[in-house]
file my_file_20.cif (mmCIF, C-alpha atoms)
data_input
loop_
_atom_site.label_atom_id
_atom_site.label_comp_id
_atom_site.auth_asym_id
_atom_site.auth_seq_id
_atom_site.Cartn_x
_atom_site.Cartn_y
_atom_site.Cartn_z
CA MET A 7 174.37 18.79 121.05
CA ILE A 8 175.40 16.66 118.07
CA ARG A 9 175.36 19.69 115.77
CA TYR A 10 177.62 21.57 118.23
CA LEU A 11 180.07 18.65 118.37
CA ILE A 12 180.21 18.39 114.58
CA LYS A 13 180.95 22.14 114.27
CA LYS A 14 183.66 21.88 116.90
CA ILE A 15 185.28 18.89 115.17
CA LEU A 16 185.21 20.64 111.77
CA ARG A 17 186.70 23.83 113.25
CA ASN A 18 189.53 21.82 114.83
CA ILE A 19 190.19 19.93 111.59
CA ASN A 20 190.39 23.18 109.59
CA GLN A 21 192.68 24.79 112.17
CA LEU A 22 194.97 21.77 111.91
CA ARG A 23 194.83 22.06 108.13
CA PHE A 24 196.10 25.65 108.30
CA ARG A 25 198.34 25.41 111.39
CA ASN A 26 201.43 26.20 109.29
CA LYS A 27 199.77 29.12 107.48
CA ALA A 28 198.70 31.46 110.31
CA ILE A 29 198.79 32.21 114.04
CA PHE A 30 195.43 31.48 115.69
CA LEU A 31 194.77 33.47 118.86
CA GLY A 32 191.60 31.73 120.00
CA LYS A 33 188.82 29.80 118.31
CA VAL A 34 188.76 30.65 114.61
CA ASN A 35 186.06 29.21 112.36
CA LEU A 36 187.52 28.19 109.03
CA SER A 37 185.42 26.96 106.14
CA SER A 38 186.44 24.21 103.77
CA LEU A 39 186.02 26.93 101.10
CA ASN A 40 188.77 29.17 102.44
CA SER A 41 192.47 29.17 101.62
CA MET A 42 195.61 30.76 102.98
CA ILE A 43 198.61 31.51 100.79
CA LEU A 44 202.15 32.29 101.90
CA LEU A 45 204.56 33.23 99.08
CA ASP A 46 207.89 34.99 98.63
CA GLU A 47 209.33 34.28 102.09
CA SER A 48 206.08 34.92 104.00
CA LYS A 49 205.68 32.90 107.19
CA LYS A 50 202.77 31.88 109.36
CA GLU A 51 203.60 34.75 111.74
CA ASP A 52 202.59 37.16 108.98
CA ILE A 53 198.91 36.19 109.30
CA ILE A 54 197.30 36.62 112.73
CA LEU A 55 193.68 35.65 113.31
CA ASN A 56 192.11 36.45 116.67
CA ASP A 57 189.30 34.76 118.57
CA ARG A 58 185.90 34.19 116.94
CA CYS A 59 186.98 35.10 113.40
CA VAL A 60 184.97 33.41 110.66
CA ILE A 61 186.85 32.89 107.39
CA PHE A 62 185.23 31.79 104.12
CA GLY A 63 187.56 33.60 101.69
CA THR A 64 191.25 33.69 100.77
CA ILE A 65 194.02 35.31 102.81
CA SER A 66 197.34 35.83 101.01
CA SER A 67 200.65 37.16 102.33
CA PHE A 68 203.42 37.91 99.85
CA ASN A 69 206.97 39.02 100.68
CA ARG A 70 206.26 39.08 104.47
CA GLY A 71 203.12 41.22 104.10
CA LYS A 72 201.33 41.45 107.47
CA ILE A 73 197.64 40.62 107.86
CA GLU A 74 195.88 40.89 111.21
CA PHE A 75 192.22 40.27 111.98
CA ALA A 76 191.05 41.42 115.42
CA GLU A 77 188.36 39.49 117.31
CA ASN A 78 185.09 38.51 115.66
CA VAL A 79 185.99 39.50 112.06
CA GLN A 80 184.13 37.70 109.28
CA ILE A 81 185.01 37.45 105.58
CA GLY A 82 182.62 35.89 103.08
CA PRO A 83 183.14 33.39 100.26
CA LYS A 84 185.37 34.43 97.35
CA THR A 85 186.66 37.45 99.27
CA ILE A 86 190.41 38.02 98.86
CA VAL A 87 192.62 39.79 101.41
CA GLY A 88 196.14 40.15 99.99
CA ALA A 89 199.13 41.96 101.49
CA VAL A 90 202.69 42.70 100.52
CA ASN A 91 202.75 45.54 103.07
CA SER A 92 200.11 45.50 105.84
CA ILE A 93 196.35 45.01 106.31
CA LYS A 94 194.69 45.39 109.72
CA ILE A 95 190.99 44.72 110.24
CA GLY A 96 189.32 45.82 113.48
CA LYS A 97 187.09 43.99 115.90
CA GLY A 98 183.59 42.99 114.79
CA THR A 99 184.04 43.95 111.13
CA VAL A 100 181.96 42.01 108.59
CA ILE A 101 183.14 41.70 104.98
CA SER A 102 180.71 40.24 102.46
CA ASN A 103 181.41 37.89 99.56
CA ASN A 104 183.54 38.70 96.48
CA VAL A 105 185.30 41.64 98.16
CA MET A 106 188.91 42.55 97.23
CA ILE A 107 191.18 44.10 99.86
CA ILE A 108 194.62 44.44 98.28
CA ASP A 109 197.37 46.73 99.60
CA ASN A 110 199.31 46.99 96.33
CA ASN A 111 198.93 47.46 92.56
CA ASN A 112 199.85 43.83 91.75
CA HIS A 113 202.17 45.18 89.02
CA PRO A 114 204.63 48.03 88.34
CA ILE A 115 203.28 51.32 86.98
CA ASN A 116 206.15 52.26 84.66
CA PRO A 117 205.41 50.92 81.13
CA GLU A 118 208.98 49.68 80.62
CA ASP A 119 208.80 47.72 83.89
CA ARG A 120 205.53 46.14 82.78
CA ILE A 121 207.03 45.14 79.42
CA GLN A 122 209.95 43.51 81.23
CA MET A 123 207.54 41.79 83.64
CA GLN A 124 205.30 40.50 80.85
CA ASN A 125 208.29 39.18 78.87
CA SER A 126 209.63 37.28 81.88
CA PRO A 127 208.74 33.61 82.41
CA VAL A 128 205.73 32.70 84.53
CA GLY A 129 206.93 32.40 88.14
CA SER A 130 209.77 34.88 87.58
CA ASP A 131 210.79 37.21 90.40
CA LEU A 132 209.82 40.11 88.10
CA ARG A 133 206.15 39.07 88.31
CA LYS A 134 205.92 39.29 92.09
CA TRP A 135 203.83 41.78 94.05
CA LYS A 136 206.95 43.18 95.71
CA ASN A 137 207.64 45.01 92.42
CA SER A 138 204.50 47.12 92.81
CA VAL A 139 203.66 50.20 94.86
CA SER A 140 202.09 49.23 98.19
CA LYS A 141 200.65 51.10 101.17
CA PRO A 142 199.03 49.81 104.39
CA ILE A 143 195.27 49.36 104.68
CA VAL A 144 193.51 49.89 108.02
CA ILE A 145 189.86 48.94 108.44
CA GLY A 146 188.39 49.96 111.78
CA GLU A 147 186.04 48.24 114.20
CA ASN A 148 182.44 47.33 113.40
CA VAL A 149 182.80 48.16 109.70
CA TRP A 150 180.42 46.61 107.17
CA ILE A 151 181.74 46.06 103.62
CA GLY A 152 179.19 45.10 100.95
CA GLN A 153 179.66 42.48 98.27
CA PHE A 154 181.90 43.09 95.26
CA ALA A 155 183.54 46.12 96.92
CA ARG A 156 187.25 46.81 96.52
CA ILE A 157 189.46 48.50 99.12
CA ASN A 158 192.65 49.86 97.53
CA LYS A 159 196.11 50.45 98.93
CA GLY A 160 196.67 53.20 101.48
CA VAL A 161 193.01 53.42 102.55
CA THR A 162 191.78 53.79 106.15
CA VAL A 163 188.12 53.04 106.87
CA GLY A 164 186.94 54.50 110.18
CA ASN A 165 185.07 52.66 112.93
CA ASN A 166 181.36 51.90 112.40
CA SER A 167 181.38 52.85 108.71
CA ILE A 168 179.67 51.07 105.82
CA ILE A 169 181.07 50.50 102.33
CA GLY A 170 178.29 49.99 99.79
CA ALA A 171 178.17 47.00 97.46
CA ASN A 172 180.24 47.33 94.25
CA SER A 173 182.17 50.34 95.60
CA VAL A 174 185.82 51.04 94.81
CA VAL A 175 187.41 52.76 97.79
CA THR A 176 190.45 54.85 96.84
CA LYS A 177 190.39 57.44 99.67
CA ASN A 178 189.96 57.35 103.43
CA VAL A 179 186.47 56.96 104.88
CA PRO A 180 185.78 58.68 108.23
CA GLU A 181 184.09 57.04 111.22
CA ASN A 182 180.30 56.62 111.20
CA ALA A 183 179.92 57.22 107.47
CA ILE A 184 178.57 55.42 104.42
CA ALA A 185 180.73 55.42 101.28
CA ALA A 186 179.43 54.16 97.94
CA GLY A 187 180.19 54.33 94.22
CA ASN A 188 183.13 54.04 91.86
CA PRO A 189 185.19 55.79 92.99
CA ALA A 190 183.50 55.69 96.39
CA ARG A 191 182.38 58.97 97.93
CA ILE A 192 180.75 59.77 101.25
CA VAL A 193 176.97 59.58 100.83
CA LYS A 194 175.97 59.78 104.51
CA GLU A 195 177.63 60.84 107.76
CA ASN A 196 176.82 60.58 111.48
CA ILE A 197 175.11 57.21 111.08
CA GLN A 198 175.45 56.68 114.83
CA ASN A 199 172.41 59.00 115.07
CA GLU A 200 170.21 56.76 112.92
CA PRO A 201 167.21 55.23 114.75
CA ARG A 202 167.85 51.89 116.48
CA LEU A 203 165.97 48.92 115.03
CA ILE A 204 167.24 46.13 117.29
CA PHE A 205 166.61 46.25 121.03
#

call {"tool": "encode", "arguments": {"input": "my_file_20.cif", "output": "structure tokens"}}
result
Amino acid sequence: MIRYLIKKILRNINQLRFRNKAIFLGKVNLSSLNSMILLDESKKEDIILNDRCVIFGTISSFNRGKIEFAENVQIGPKTIVGAVNSIKIGKGTVISNNVMIIDNNNHPINPEDRIQMQNSPVGSDLRKWKNSVSKPIVIGENVWIGQFARINKGVTVGNNSIIGANSVVTKNVPENAIAAGNPARIVKENIQNEPRLIF
């Protein structure tokens, strides 16, 4: 009973701590390790966290980038979810530690643009994510993403799929598949037919 009360108090304290950084649609468990960043005109409405989410990592919205976690999503310590466009994560998805989910390049591609960016002062408008190519990321329901993976811009990961540890995902992953490697490729399909181990 005491342990339950302590957890409830800590959850409420952390939600108060981040009340101006996100919209909470239910009970969201926030760790003292996590952080939320709003930059370049982003507002708390740009980050939506639904009921029973568990957040240990960093969530960053830049230039009104939209981030939405459905119910019961978990992200591990040192994981970064950063949007200048849009990132949606489906119900029941678990994301391990040290994962990067970024919907943009963080920098321009053209060499002349990068020279201009690098020669600008720190904090300059030229150094902002809005000056990079971005595309939405959609991660389906019940997805498992292993540690140190990276999900790049424009990627859709289908429901029930698994992304192996240390993978770099540059292309879409279908439902019920395992993707692994750098760049990630499909190594197994139809995993819904695997034998059940938990009854």

call {"tool": "atom_distance", "arguments": {"input": "my_file_20.cif", "atom1": "atom CA of A:Ile192", "atom2": "atom CA of A:Ile95"}}
result
20.3 Å

call {"tool": "resolve_selection", "arguments": {"input": "my_file_20.cif", "expression": "the PyMOL selection byres ((chain A and resi 32) around 7)", "output": "PDB file with C-alpha atoms, in the coordinates of the input"}}
result
ATOM      1  CA  PHE A  30     195.430  31.480 115.690  1.00  0.00           C
ATOM      2  CA  LEU A  31     194.770  33.470 118.860  1.00  0.00           C
ATOM      3  CA  LYS A  33     188.820  29.800 118.310  1.00  0.00           C
ATOM      4  CA  VAL A  34     188.760  30.650 114.610  1.00  0.00           C
ATOM      5  CA  ASN A  56     192.110  36.450 116.670  1.00  0.00           C
ATOM      6  CA  ASP A  57     189.300  34.760 118.570  1.00  0.00           C
ATOM      7  CA  ARG A  58     185.900  34.190 116.940  1.00  0.00           C
TER       8      ARG A  58
END

call {"tool": "resolve_selection", "arguments": {"input": "my_file_20.cif", "expression": "the PyMOL selection byres ((chain A and resi 88) around 9)", "output": "list in words"}}
result
Thr64, Ile65, Ser66, Ser67, Phe68, Gly71, Ile73, Ile86, Val87, Ala89, Val90, Ser92, Ile93, Met106, Ile107, Ile108, Asp109 and Asn110 of chain A

call {"tool": "closest_residue", "arguments": {"input": "my_file_20.cif", "among": "A:Asn178, A:Thr85, A:Asn35, A:Ser41", "to": "A:Ile101", "atoms": "only C-alpha atoms"}}
result
A:Thr85

call {"tool": "atom_distance", "arguments": {"input": "my_file_20.cif", "atom1": "atom CA of A:Lys72", "atom2": "atom CA of A:Glu118"}}
result
29.1 Å

call {"tool": "closest_residue", "arguments": {"input": "my_file_20.cif", "among": "A:Ile169, A:Asn69, A:Ile115, A:Ala185", "to": "A:Asp131", "atoms": "only C-alpha atoms"}}
result
A:Asn69

call {"tool": "resolve_selection", "arguments": {"input": "my_file_20.cif", "expression": "the PyMOL selection byres ((chain A and resi 40) around 9)", "output": "number ranges by chain"}}
result
A: 36-39, 41-42, 61-65, 83-84

call {"tool": "closest_residue", "arguments": {"input": "my_file_20.cif", "among": "A:Asn182, A:Lys27, A:Asn158, A:Asp46", "to": "A:Arg133", "atoms": "only C-alpha atoms"}}
result
A:Asp46

call {"tool": "atom_distance", "arguments": {"input": "my_file_20.cif", "atom1": "atom CA of A:Lys49", "atom2": "atom CA of A:Lys94"}}
result
16.8 Å

call {"tool": "residues_around", "arguments": {"input": "my_file_20.cif", "residues": "A:Glu147", "least_positions_apart": "3", "cutoff": "6 Å", "atoms": "all atoms listed in the file", "output": "count of residues only"}}
result
5

call {"tool": "closest_residue", "arguments": {"input": "my_file_20.cif", "among": "A:Val163, A:Asn111, A:Ile53, A:Gln198", "to": "A:Lys141", "atoms": "all atoms listed in the file"}}
result
A:Asn111
